[in-house]
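Engineer: Encoded as structure tokens, here's the structure I'll be asking about.
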Amino acid sequence: MALAIIQLDSANPRAHGYAAVIHKIITDEVNLSQRSLREIRGLIAGKEVLLLLNGDEIVSFLFLTPLDKKLMEIHSMYTLPQYRGQGYMSKLLEHSIRTFDTKFFAVTFHEHTEKLLSKFSFKKVPFAVLSASAKFTFVVNRAKLHRILSVVSFMKKRRPIYLLKSD
Ligand SMILES: CC(C)(COP(=O)(O)OP(=O)(O)OC[C@H]1O[C@@H](n2cnc3c(N)ncnc32)[C@H](O)[C@@H]1OP(=O)(O)O)[C@@H](O)C(=O)NCCC(=O)NCCS
């Protein structure tokens with residue numbers, strides 16, 4: 001496989017195509033909270049989308065959103081079903097930790113994600129450990145009707161788990 005990791009941006013000639021693929025994946029995936037195509041394009045414009053590619057095909061992606069100067073949120077982690085359990089998301093996580101000189105934060109409703117992130121020294125924390133500006137950005141990022149509905153629907157089944165990687 002010809003694997004490559006790229007930080008997608010709007011100048012990439014395939015940016016529109018990748019945005020459409022990511023939008024379709026998220027729409028069909030029950031474990032990810034929903035995003036409009038416009039939001040995904042906004043994330044790409046902000047260089048918040050990391051892709052693991054096999055040639056031109058997306059194998060895995062994750063989003064990395066700065067919450068304050070020292071903290072990035074990792075979210076919407078996804079690997080195509082046929083590629084799962086082969087270490088591809090771990091490669092994207094390793095790359096992120098190596099590339100960005102920051103602490104990392106993640107929120108999940110899923111034990112499998114908690115287990116995966118704990119391998120990278122993420123620890124459970126209360127939401128209160130975030131700075132005021134990080135909390136504000138986190139909440140503003142979710143203040144869209146479809147995002148709130150996703151969170152409410154997950155919270156009917158499980159409590160959120162807040163995870164921080166600080167070293
Ligand atoms: C969670 C997810 C991104 C992991 O991606 P991945 O590329 O399979 O990750 P890795 O191969 O690096 O494996 C990490 C862990 O995934 C779990 N895993 C292994 N095979 C799996 C499979 N077939 N399906 C799901 N999870 C599997 C294991 O816990 C594995 O850890 P292990 O190696 O100690 O057994 C992927 O399963 C996925 O896209 N799931 C659907 C979307 C989702 O739940 N996203 C997270 C929302 S918070």
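Every chain in the structure tokens takes a letter, A first, then B, and so on in the order presented; its residues are numbered from 1, and the ligands are numbered from 1 following the presented order.
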From the DSSP assignment of the backbone, select every residue of segment 9-159 of chain A that is helix (DSSP H, G or I), and format the answer as a PyMOL selection string.
Structural biologist: chain A and resi 15-28+37-45+81-83+88-99+111-118+127-129+132-141+145-157
Engineer: How would you report the residues lying within 7 Å of ligand 1, as a PyMOL selection string, if you count only C-alpha atoms and all ligand atoms?
Structural biologist: chain A and resi 29+31-32+60+75-81+83-91+108-110+112-113+115-116
Engineer: Can you list, as a PyMOL selection string, every protein, DNA or RNA residue that comes within 12 Å of Val21 of chain A when you count only C-alpha atoms, leaving out same-chain residues fewer than 3 positions away?
Structural biologist: chain A and resi 14-18+24-28+37+40-41+51+56-61+80
Engineer: Can I get the selection written as a compact mmCIF listing (two decimals), in the first residue's frame, with N, CA and C atoms?
Structural biologist:
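New file result_22.txt:
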```
# COMPACT_ATOMS: atom_id res chain seq x y z
N ARG A 14 -7.78 18.00 -4.63
CA ARG A 14 -8.84 17.03 -4.33
C ARG A 14 -9.69 17.43 -3.12
N ALA A 15 -9.48 18.65 -2.59
CA ALA A 15 -10.14 19.04 -1.34
C ALA A 15 -11.67 18.88 -1.42
N HIS A 16 -12.27 19.30 -2.54
CA HIS A 16 -13.73 19.20 -2.65
C HIS A 16 -14.21 17.75 -2.64
N GLY A 17 -13.46 16.92 -3.37
CA GLY A 17 -13.81 15.49 -3.44
C GLY A 17 -13.68 14.84 -2.08
N TYR A 18 -12.57 15.12 -1.37
CA TYR A 18 -12.39 14.53 -0.04
C TYR A 18 -13.47 15.03 0.91
N LYS A 24 -20.14 12.08 3.46
CA LYS A 24 -20.94 10.86 3.27
C LYS A 24 -20.64 9.86 4.39
N ILE A 25 -19.34 9.69 4.70
CA ILE A 25 -18.95 8.74 5.76
C ILE A 25 -19.61 9.13 7.08
N ILE A 26 -19.50 10.42 7.43
CA ILE A 26 -20.02 10.87 8.72
C ILE A 26 -21.54 10.73 8.77
N THR A 27 -22.20 11.02 7.65
CA THR A 27 -23.67 10.90 7.60
C THR A 27 -24.10 9.46 7.87
N ASP A 28 -23.30 8.50 7.39
CA ASP A 28 -23.67 7.08 7.53
C ASP A 28 -23.18 6.44 8.82
N LEU A 37 -21.79 19.54 5.06
CA LEU A 37 -20.69 19.64 4.10
C LEU A 37 -19.95 20.97 4.28
N ILE A 40 -17.54 20.76 7.11
CA ILE A 40 -16.35 19.97 6.76
C ILE A 40 -15.42 20.82 5.90
N ARG A 41 -16.01 21.58 4.97
CA ARG A 41 -15.16 22.48 4.16
C ARG A 41 -14.47 23.52 5.04
N LEU A 51 -5.55 13.28 7.06
CA LEU A 51 -5.96 12.08 6.32
C LEU A 51 -4.83 11.08 6.26
N ASP A 56 -4.93 7.71 -3.58
CA ASP A 56 -5.88 8.81 -3.42
C ASP A 56 -7.05 8.44 -2.51
N GLU A 57 -7.07 7.19 -2.04
CA GLU A 57 -8.22 6.72 -1.26
C GLU A 57 -8.04 7.02 0.23
N ILE A 58 -9.10 7.55 0.86
CA ILE A 58 -9.05 7.77 2.31
C ILE A 58 -9.14 6.43 3.03
N VAL A 59 -8.17 6.16 3.91
CA VAL A 59 -8.19 4.97 4.78
C VAL A 59 -8.74 5.38 6.14
N SER A 60 -8.19 6.48 6.69
CA SER A 60 -8.58 6.98 8.02
C SER A 60 -8.55 8.50 8.00
N PHE A 61 -9.33 9.09 8.90
CA PHE A 61 -9.19 10.53 9.11
C PHE A 61 -9.44 10.87 10.56
N LEU A 80 -11.98 3.31 7.65
CA LEU A 80 -12.92 2.51 6.86
C LEU A 80 -12.99 1.10 7.44
```
Engineer: Quick one: residues within 8 Å of segment 2-4 of chain A, only C-alpha atoms, excluding same-chain residues fewer than 6 positions away - as a ChimeraX atom specification?
Structural biologist: /A:52-55
Engineer: Those residues you just picked out, can you put them in a file as a CSV table (one decimal), in the first residue's frame with N, CA and C atoms?
Structural biologist:
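This is the output file again18.csv:
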```csv
chain,number,residue,atom,x,y,z
A,52,LEU,N,-5.2,9.8,6.4
A,52,LEU,CA,-4.3,8.7,6.0
A,52,LEU,C,-4.8,8.2,4.7
A,53,LEU,N,-3.9,8.3,3.7
A,53,LEU,CA,-4.4,7.9,2.3
A,53,LEU,C,-3.6,6.7,1.8
A,54,ASN,N,-4.3,5.9,1.1
A,54,ASN,CA,-3.7,4.8,0.3
A,54,ASN,C,-3.8,5.2,-1.2
A,55,GLY,N,-2.8,5.8,-1.7
A,55,GLY,CA,-2.9,6.5,-3.0
A,55,GLY,C,-3.8,7.7,-2.8
```
Engineer: Counting only C-alpha atoms, what is within 7 Å of Glu73 of chain A, bar same-chain residues fewer than 2 positions away, as a PyMOL selection string?
Structural biologist: chain A and resi 64-67+71+75+104-106
Engineer: Keeping only N, CA and C atoms, write the selected residues as a JSON list (two decimals), in the first residue's frame.
Structural biologist:
```json
[["chain", "number", "residue", "atom", "x", "y", "z"],
["A", 64, "LEU", "N", -8.52, 17.80, 14.02],
["A", 64, "LEU", "CA", -7.71, 18.40, 15.10],
["A", 64, "LEU", "C", -8.07, 19.87, 15.18],
["A", 65, "THR", "N", -8.73, 20.25, 16.27],
["A", 65, "THR", "CA", -9.20, 21.64, 16.40],
["A", 65, "THR", "C", -8.55, 22.31, 17.59],
["A", 66, "PRO", "N", -7.83, 23.42, 17.39],
["A", 66, "PRO", "CA", -7.25, 24.10, 18.53],
["A", 66, "PRO", "C", -8.34, 24.64, 19.46],
["A", 67, "LEU", "N", -8.19, 24.38, 20.76],
["A", 67, "LEU", "CA", -9.15, 24.93, 21.75],
["A", 67, "LEU", "C", -8.57, 26.15, 22.45],
["A", 71, "LEU", "N", -3.71, 23.69, 23.58],
["A", 71, "LEU", "CA", -4.57, 22.50, 23.61],
["A", 71, "LEU", "C", -5.29, 22.30, 22.27],
["A", 75, "HIS", "N", -10.90, 14.81, 17.35],
["A", 75, "HIS", "CA", -12.27, 14.32, 17.29],
["A", 75, "HIS", "C", -12.58, 13.70, 15.94],
["A", 104, "PHE", "N", -3.31, 17.46, 24.18],
["A", 104, "PHE", "CA", -4.45, 17.01, 23.38],
["A", 104, "PHE", "C", -5.63, 16.68, 24.28],
["A", 105, "PHE", "N", -6.82, 16.96, 23.76],
["A", 105, "PHE", "CA", -8.06, 16.71, 24.50],
["A", 105, "PHE", "C", -9.00, 15.92, 23.58],
["A", 106, "ALA", "N", -9.76, 15.01, 24.17],
["A", 106, "ALA", "CA", -10.75, 14.27, 23.37],
["A", 106, "ALA", "C", -11.96, 13.98, 24.24]]
```
Engineer: Nearest to Glu48 of chain A among A:Asp68, A:Glu114, A:Asp9, A:Glu94, with distances taken over only C-alpha atoms: which residue is it?
Structural biologist: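 Closest residue, counting only C-alpha atoms: A:Asp9.
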Engineer: Let's see if you can do this: from backbone DSSP, list all strand (DSSP E or B) residues in segment 91-160 of chain A, as a PyMOL selection string.
Structural biologist: chain A and resi 103-108+123-124
Engineer: If you count only C-alpha atoms, which residues fall within 8 Å of Lys124 of chain A, apart from same-chain ones fewer than 4 positions away, as a PyMOL selection string?
Structural biologist: chain A and resi 161-164
Engineer: The selected residues should be written to file as an mmCIF file, in the first residue's frame (atoms: C-alpha atoms).
Structural biologist:
```cif
data_model
loop_
_atom_site.group_PDB
_atom_site.id
_atom_site.type_symbol
_atom_site.label_atom_id
_atom_site.label_comp_id
_atom_site.auth_asym_id
_atom_site.auth_seq_id
_atom_site.Cartn_x
_atom_site.Cartn_y
_atom_site.Cartn_z
ATOM 1 C CA ILE A 161 -15.605 10.554 28.866
ATOM 2 C CA TYR A 162 -13.152 13.490 28.844
ATOM 3 C CA LEU A 163 -9.571 12.536 28.058
ATOM 4 C CA LEU A 164 -6.422 14.630 28.216
#
```
Engineer: How close does each residue of segment 118-145 of chain A get to segment 150-153 of chain A, giving the shortest atom pair and distance in Å to one decimal for every residue with an atom at most 12 Å away, counting only C-alpha atoms, sorted by chain and residue number, as a Markdown table?
Structural biologist:
```
| residue | atom | partner | partner_atom | distance |
| --- | --- | --- | --- | --- |
| A:Val139 | CA | A:Val151 | CA | 11.5 |
| A:Arg142 | CA | A:Val151 | CA | 8.7 |
| A:Ala143 | CA | A:Val151 | CA | 10.6 |
| A:Lys144 | CA | A:Ser150 | CA | 10.0 |
| A:Leu145 | CA | A:Ser150 | CA | 8.7 |
```
Engineer: I'd like the neighbourhood of Leu149 of chain A as a short mmCIF file (atom, residue, chain, number, x, y, z; two decimals) with C-alpha atoms, in the first residue's frame, where a residue qualifies if any of its atoms comes within 9 Å (using only C-alpha atoms), though same-chain residues fewer than 5 positions away should be ignored.
Structural biologist:
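Ended up saving to result_8.cif:
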```cif
data_model
loop_
_atom_site.label_atom_id
_atom_site.label_comp_id
_atom_site.auth_asym_id
_atom_site.auth_seq_id
_atom_site.Cartn_x
_atom_site.Cartn_y
_atom_site.Cartn_z
CA SER A 33 -21.73 13.29 15.45
CA GLN A 34 -23.17 14.79 12.30
CA LYS A 144 -25.14 23.91 16.16
CA PHE A 154 -25.39 9.92 22.87
#
```
Engineer: From the set A:Lys70, A:Val49, A:Thr102, A:Ser96, which residue has the shortest atom-to-atom contact distance to Ala134 of chain A, counting only C-alpha atoms?
Structural biologist: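 Among A:Lys70, A:Val49, A:Thr102, A:Ser96, it is A:Lys70 that comes nearest to Ala134 of chain A.
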Engineer: What does the distance from atom CA of Phe138 of chain A to atom CA of Phe63 of chain A come to in Å, to one decimal?
Structural biologist: 13.5 Å
Engineer: Name the closest residue to Ile6 of chain A among the candidates A:Ser118, A:Thr99, A:Asn141, A:Gln82; distances are taken between atoms, counting only C-alpha atoms.
Structural biologist: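 Smallest distance to Ile6 of chain A is found for A:Thr99.
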